[in-house]
$ cat upload_31.tsv   # TSV, N, CA and C atoms
chain	number	residue	atom	x	y	z
G	292	GLU	N	109.18	139.22	73.51
G	292	GLU	CA	107.92	139.90	73.29
G	292	GLU	C	106.75	138.99	73.68
G	293	ASN	N	106.86	137.71	73.37
G	293	ASN	CA	105.78	136.79	73.72
G	293	ASN	C	105.67	136.63	75.24
G	294	TYR	N	106.80	136.57	75.92
G	294	TYR	CA	106.75	136.47	77.38
G	294	TYR	C	106.10	137.71	78.00
G	295	VAL	N	106.43	138.85	77.48
G	295	VAL	CA	105.86	140.09	78.00
G	295	VAL	C	104.36	140.11	77.78
G	296	SER	N	103.92	139.66	76.64
G	296	SER	CA	102.47	139.66	76.38
G	296	SER	C	101.74	138.66	77.26
G	297	VAL	N	102.35	137.52	77.53
G	297	VAL	CA	101.70	136.53	78.39
G	297	VAL	C	101.64	137.02	79.83
G	298	ILE	N	102.73	137.60	80.31
G	298	ILE	CA	102.79	138.00	81.72
G	298	ILE	C	101.98	139.26	81.98
G	299	PHE	N	102.12	140.28	81.15
G	299	PHE	CA	101.53	141.58	81.47
G	299	PHE	C	100.22	141.86	80.77
G	300	GLN	N	99.96	141.29	79.63
G	300	GLN	CA	98.72	141.59	78.92
G	300	GLN	C	97.61	140.58	79.21
G	301	SER	N	97.95	139.46	79.82
G	301	SER	CA	96.93	138.50	80.20
G	301	SER	C	96.75	138.56	81.71
G	302	ASN	N	95.95	137.67	82.25
G	302	ASN	CA	95.72	137.62	83.69
G	302	ASN	C	96.64	136.65	84.39
G	303	MET	N	97.81	136.37	83.81
G	303	MET	CA	98.71	135.37	84.36
G	303	MET	C	99.17	135.73	85.78
G	304	LEU	N	99.48	136.98	86.05
G	304	LEU	CA	99.93	137.37	87.39
G	304	LEU	C	98.82	137.19	88.42
G	305	ARG	N	97.60	137.48	88.02
G	305	ARG	CA	96.46	137.28	88.92
G	305	ARG	C	96.27	135.80	89.22
G	306	TYR	N	96.38	134.96	88.21
G	306	TYR	CA	96.26	133.52	88.41
G	306	TYR	C	97.36	133.00	89.32
G	307	PHE	N	98.57	133.50	89.12
G	307	PHE	CA	99.70	133.10	89.95
G	307	PHE	C	99.49	133.52	91.41
G	308	ALA	N	98.97	134.74	91.61
G	308	ALA	CA	98.70	135.21	92.97
G	308	ALA	C	97.60	134.37	93.62
G	309	ASN	N	96.57	134.03	92.87
G	309	ASN	CA	95.50	133.17	93.41
G	309	ASN	C	96.05	131.81	93.82
G	310	THR	N	96.94	131.27	93.00
G	310	THR	CA	97.53	129.98	93.31
G	310	THR	C	98.36	130.06	94.58
G	311	LEU	N	99.13	131.11	94.74
G	311	LEU	CA	99.94	131.28	95.95
G	311	LEU	C	99.06	131.43	97.19
G	312	ILE	N	97.97	132.14	97.08
G	312	ILE	CA	97.07	132.32	98.22
G	312	ILE	C	96.44	130.99	98.62
G	313	VAL	N	95.93	130.24	97.66
G	313	VAL	CA	95.30	128.95	97.95
G	313	VAL	C	96.31	127.97	98.52
G	314	ALA	N	97.49	127.91	97.93
G	314	ALA	CA	98.53	127.00	98.42
G	314	ALA	C	98.98	127.38	99.83
G	315	GLY	N	99.13	128.67	100.09
G	315	GLY	CA	99.53	129.12	101.42
G	315	GLY	C	98.49	128.79	102.48
G	316	LEU	N	97.22	129.01	102.16
G	316	LEU	CA	96.16	128.67	103.11
G	316	LEU	C	96.08	127.16	103.34
G	317	ALA	N	96.24	126.38	102.28
G	317	ALA	CA	96.21	124.93	102.43
G	317	ALA	C	97.37	124.44	103.30
G	318	ILE	N	98.55	125.01	103.11
G	318	ILE	CA	99.71	124.64	103.92
G	318	ILE	C	99.47	125.00	105.38
G	319	ALA	N	98.91	126.17	105.64
G	319	ALA	CA	98.67	126.60	107.02
G	319	ALA	C	97.65	125.69	107.71
G	320	ILE	N	96.58	125.35	107.01
G	320	ILE	CA	95.54	124.49	107.60
G	320	ILE	C	96.09	123.09	107.89
G	321	VAL	N	96.82	122.53	106.93
G	321	VAL	CA	97.39	121.19	107.12
G	321	VAL	C	98.42	121.20	108.24
G	322	LEU	N	99.21	122.27	108.32
G	322	LEU	CA	100.22	122.36	109.37
G	322	LEU	C	99.59	122.39	110.76
G	323	VAL	N	98.52	123.14	110.92
G	323	VAL	CA	97.82	123.20	112.21
G	323	VAL	C	97.19	121.85	112.54
G	324	ALA	N	96.50	121.25	111.58
G	324	ALA	CA	95.83	119.97	111.83
G	324	ALA	C	96.84	118.87	112.12
G	325	ALA	N	97.94	118.83	111.38
G	325	ALA	CA	98.95	117.80	111.59
G	325	ALA	C	99.66	117.99	112.94
G	326	SER	N	99.88	119.23	113.33
G	326	SER	CA	100.51	119.48	114.63
G	326	SER	C	99.62	119.01	115.77
G	327	LEU	N	98.35	119.30	115.68
G	327	LEU	CA	97.41	118.85	116.72
G	327	LEU	C	97.32	117.33	116.76
G	328	ALA	N	97.28	116.70	115.59
G	328	ALA	CA	97.22	115.24	115.55
G	328	ALA	C	98.50	114.60	116.07
G	329	ALA	N	99.64	115.18	115.75
G	329	ALA	CA	100.91	114.64	116.24
G	329	ALA	C	101.01	114.79	117.76
G	330	TYR	N	100.53	115.91	118.28
G	330	TYR	CA	100.56	116.09	119.73
G	330	TYR	C	99.67	115.06	120.42
G	331	ALA	N	98.47	114.85	119.87
G	331	ALA	CA	97.55	113.87	120.47
G	331	ALA	C	98.11	112.46	120.36
G	332	ALA	N	98.77	112.14	119.26
G	332	ALA	CA	99.30	110.79	119.08
G	332	ALA	C	100.48	110.51	120.01
G	333	THR	N	101.24	111.54	120.35
G	333	THR	CA	102.40	111.31	121.22
G	333	THR	C	102.07	111.49	122.69
G	334	ARG	N	101.11	112.30	123.01
G	334	ARG	CA	100.83	112.63	124.41
G	334	ARG	C	99.85	111.67	125.07
G	335	PHE	N	98.82	111.28	124.36
G	335	PHE	CA	97.73	110.51	124.95
G	335	PHE	C	97.83	109.04	124.56
G	336	ARG	N	97.40	108.17	125.45
G	336	ARG	CA	97.32	106.73	125.19
G	336	ARG	C	95.89	106.40	124.79
G	337	PHE	N	95.73	105.72	123.66
G	337	PHE	CA	94.40	105.31	123.22
G	337	PHE	C	94.51	103.99	122.48
G	338	LEU	N	93.37	103.33	122.31
G	338	LEU	CA	93.32	102.04	121.67
G	338	LEU	C	93.71	102.15	120.20
G	339	GLY	N	94.66	101.36	119.76
G	339	GLY	CA	95.09	101.36	118.36
G	339	GLY	C	96.18	102.37	118.07
G	340	ARG	N	96.73	102.99	119.10
G	340	ARG	CA	97.77	104.00	118.90
G	340	ARG	C	98.98	103.42	118.21
G	341	GLU	N	99.45	102.26	118.66
G	341	GLU	CA	100.64	101.65	118.07
G	341	GLU	C	100.40	101.25	116.61
G	342	LEU	N	99.20	100.76	116.32
G	342	LEU	CA	98.88	100.39	114.94
G	342	LEU	C	98.87	101.61	114.03
G	343	ILE	N	98.28	102.69	114.48
G	343	ILE	CA	98.23	103.91	113.68
G	343	ILE	C	99.63	104.45	113.43
G	344	MET	N	100.46	104.45	114.48
G	344	MET	CA	101.83	104.93	114.32
G	344	MET	C	102.63	104.04	113.38
G	345	PHE	N	102.40	102.72	113.43
G	345	PHE	CA	103.07	101.80	112.53
G	345	PHE	C	102.64	102.03	111.08
G	346	VAL	N	101.36	102.25	110.87
G	346	VAL	CA	100.86	102.49	109.51
G	346	VAL	C	101.45	103.79	108.95
G	347	ILE	N	101.53	104.82	109.77
G	347	ILE	CA	102.14	106.07	109.31
G	347	ILE	C	103.60	105.86	108.95
G	348	LEU	N	104.33	105.13	109.79
G	348	LEU	CA	105.74	104.86	109.51
G	348	LEU	C	105.90	104.01	108.25
G	349	ALA	N	105.08	102.98	108.11
G	349	ALA	CA	105.19	102.09	106.95
G	349	ALA	C	104.87	102.81	105.66
G	350	THR	N	103.86	103.67	105.65
G	350	THR	CA	103.52	104.39	104.42
G	350	THR	C	104.57	105.44	104.07
G	351	SER	N	105.25	105.99	105.06
G	351	SER	CA	106.30	106.96	104.74
G	351	SER	C	107.56	106.29	104.21
G	352	MET	N	107.71	104.99	104.41
G	352	MET	CA	108.88	104.28	103.91
G	352	MET	C	108.71	103.82	102.46
G	353	VAL	N	107.50	103.84	101.92
G	353	VAL	CA	107.26	103.42	100.55
G	353	VAL	C	107.54	104.59	99.62
G	354	PRO	N	108.44	104.44	98.66
G	354	PRO	CA	108.70	105.54	97.73
G	354	PRO	C	107.50	105.78	96.82
G	355	LEU	N	107.24	107.04	96.54
G	355	LEU	CA	106.08	107.38	95.72
G	355	LEU	C	106.20	106.88	94.29
G	356	VAL	N	107.42	106.73	93.80
G	356	VAL	CA	107.62	106.24	92.43
G	356	VAL	C	107.09	104.82	92.28
G	357	SER	N	107.19	104.02	93.33
G	357	SER	CA	106.71	102.64	93.25
G	357	SER	C	105.18	102.57	93.16
G	358	LEU	N	104.50	103.63	93.52
G	358	LEU	CA	103.05	103.64	93.41
G	358	LEU	C	102.55	104.04	92.02
G	359	LEU	N	103.45	104.54	91.18
G	359	LEU	CA	103.04	104.98	89.84
G	359	LEU	C	102.75	103.81	88.90
G	360	THR	N	103.42	102.70	89.06
G	360	THR	CA	103.22	101.56	88.16
G	360	THR	C	101.80	101.02	88.22
G	361	PRO	N	101.22	100.78	89.40
G	361	PRO	CA	99.82	100.32	89.40
G	361	PRO	C	98.84	101.33	88.82
G	362	PHE	N	99.13	102.60	89.00
G	362	PHE	CA	98.27	103.63	88.39
G	362	PHE	C	98.36	103.60	86.88
G	363	TYR	N	99.55	103.34	86.35
G	363	TYR	CA	99.74	103.30	84.92
G	363	TYR	C	99.05	102.09	84.31
G	364	ILE	N	99.13	100.95	85.00
G	364	ILE	CA	98.53	99.71	84.48
G	364	ILE	C	97.02	99.84	84.57

$ encode --input "upload_31.tsv" --output "structure tokens"
Amino acid sequence: ENYVSVIFQSNMLRYFANTLIVAGLAIAIVLVAASLAAYAATRFRFLGRELIMFVILATSMVPLVSLLTPFYI
């Protein structure tokens, strides 16, 4: 009964739909921007290209859990 009242008598479904819309739009925008940036990084030669690619690779190798300790301290 409590679940029914939360889902159907409150605005929970509307909030959930708003969250899905915002998350979907954010994913689409990031996907387009990241695709364009990846194409530019692989296709064109520019100053600092190797450094930028190394930084991207190095940051993707660091587990996110290891970053939580400094935030906690």

$ select_by_dssp --input "upload_31.tsv" --residues "chain G" --states "helix (DSSP H, G or I)" --output "VMD selection string"
chain G and resid 293 to 299 303 to 334 340 to 352 355 to 363

$ atom_distance --input "upload_31.tsv" --atom1 "CA of Arg340 in chain G" --atom2 "CA of Pro354 in chain G"
23.9 Å

$ atom_distance --input "upload_31.tsv" --atom1 "atom N of Phe307 in chain G" --atom2 "atom C of Tyr294 in chain G"
14.1 Å

$ atom_distance --input "upload_31.tsv" --atom1 "CA of Val297 in chain G" --atom2 "atom N of Asn309 in chain G"
15.6 Å

$ axis_aligned_box --input "upload_31.tsv" --around "range 323-342 of chain G" --padding-each-side "5 Å" --output "JSON"
{"center_x": 97.9, "center_y": 111.8, "center_z": 118.2, "size_x": 19.1, "size_y": 32.8, "size_z": 24.5}

$ build_atoms --input "upload_31.tsv" --residues "range 321-332 of chain G" --atoms "all heavy atoms" --output "CSV table (one decimal), keeping the file's coordinate frame"
chain,number,residue,atom,x,y,z
G,321,VAL,N,96.8,122.5,106.9
G,321,VAL,CA,97.4,121.2,107.1
G,321,VAL,C,98.4,121.2,108.2
G,321,VAL,O,98.5,120.3,109.0
G,321,VAL,CB,98.0,120.7,105.8
G,321,VAL,CG1,98.8,119.4,106.0
G,321,VAL,CG2,96.9,120.4,104.8
G,322,LEU,N,99.2,122.3,108.3
G,322,LEU,CA,100.2,122.4,109.4
G,322,LEU,C,99.6,122.4,110.8
G,322,LEU,O,100.0,121.7,111.7
G,322,LEU,CB,101.1,123.6,109.2
G,322,LEU,CG,102.3,123.8,110.1
G,322,LEU,CD1,103.3,122.6,109.9
G,322,LEU,CD2,103.0,125.1,109.8
G,323,VAL,N,98.5,123.1,110.9
G,323,VAL,CA,97.8,123.2,112.2
G,323,VAL,C,97.2,121.8,112.5
G,323,VAL,O,97.3,121.3,113.7
G,323,VAL,CB,96.8,124.3,112.2
G,323,VAL,CG1,95.9,124.2,113.4
G,323,VAL,CG2,97.4,125.7,112.2
G,324,ALA,N,96.5,121.2,111.6
G,324,ALA,CA,95.8,120.0,111.8
G,324,ALA,C,96.8,118.9,112.1
G,324,ALA,O,96.6,118.1,113.0
G,324,ALA,CB,95.0,119.6,110.6
G,325,ALA,N,97.9,118.8,111.4
G,325,ALA,CA,99.0,117.8,111.6
G,325,ALA,C,99.7,118.0,112.9
G,325,ALA,O,100.0,117.0,113.6
G,325,ALA,CB,100.0,117.8,110.5
G,326,SER,N,99.9,119.2,113.3
G,326,SER,CA,100.5,119.5,114.6
G,326,SER,C,99.6,119.0,115.8
G,326,SER,O,100.1,118.4,116.7
G,326,SER,CB,100.8,121.0,114.8
G,326,SER,OG,101.7,121.4,113.8
G,327,LEU,N,98.4,119.3,115.7
G,327,LEU,CA,97.4,118.8,116.7
G,327,LEU,C,97.3,117.3,116.8
G,327,LEU,O,97.3,116.7,117.8
G,327,LEU,CB,96.0,119.5,116.5
G,327,LEU,CG,96.0,121.0,116.7
G,327,LEU,CD1,94.6,121.5,116.3
G,327,LEU,CD2,96.3,121.4,118.1
G,328,ALA,N,97.3,116.7,115.6
G,328,ALA,CA,97.2,115.2,115.6
G,328,ALA,C,98.5,114.6,116.1
G,328,ALA,O,98.4,113.6,116.8
G,328,ALA,CB,97.0,114.8,114.1
G,329,ALA,N,99.6,115.2,115.8
G,329,ALA,CA,100.9,114.6,116.2
G,329,ALA,C,101.0,114.8,117.8
G,329,ALA,O,101.5,113.9,118.4
G,329,ALA,CB,102.1,115.3,115.6
G,330,TYR,N,100.5,115.9,118.3
G,330,TYR,CA,100.6,116.1,119.7
G,330,TYR,C,99.7,115.1,120.4
G,330,TYR,O,100.1,114.5,121.4
G,330,TYR,CB,100.1,117.5,120.1
G,330,TYR,CG,100.0,117.7,121.6
G,330,TYR,CD1,101.2,118.0,122.3
G,330,TYR,CD2,98.8,117.7,122.3
G,330,TYR,CE1,101.2,118.2,123.7
G,330,TYR,CE2,98.8,117.9,123.6
G,330,TYR,CZ,100.0,118.2,124.3
G,330,TYR,OH,99.9,118.4,125.7
G,331,ALA,N,98.5,114.8,119.9
G,331,ALA,CA,97.6,113.9,120.5
G,331,ALA,C,98.1,112.5,120.4
G,331,ALA,O,98.0,111.7,121.3
G,331,ALA,CB,96.2,114.0,119.8
G,332,ALA,N,98.8,112.1,119.3
G,332,ALA,CA,99.3,110.8,119.1
G,332,ALA,C,100.5,110.5,120.0
G,332,ALA,O,100.7,109.4,120.4
G,332,ALA,CB,99.7,110.6,117.6
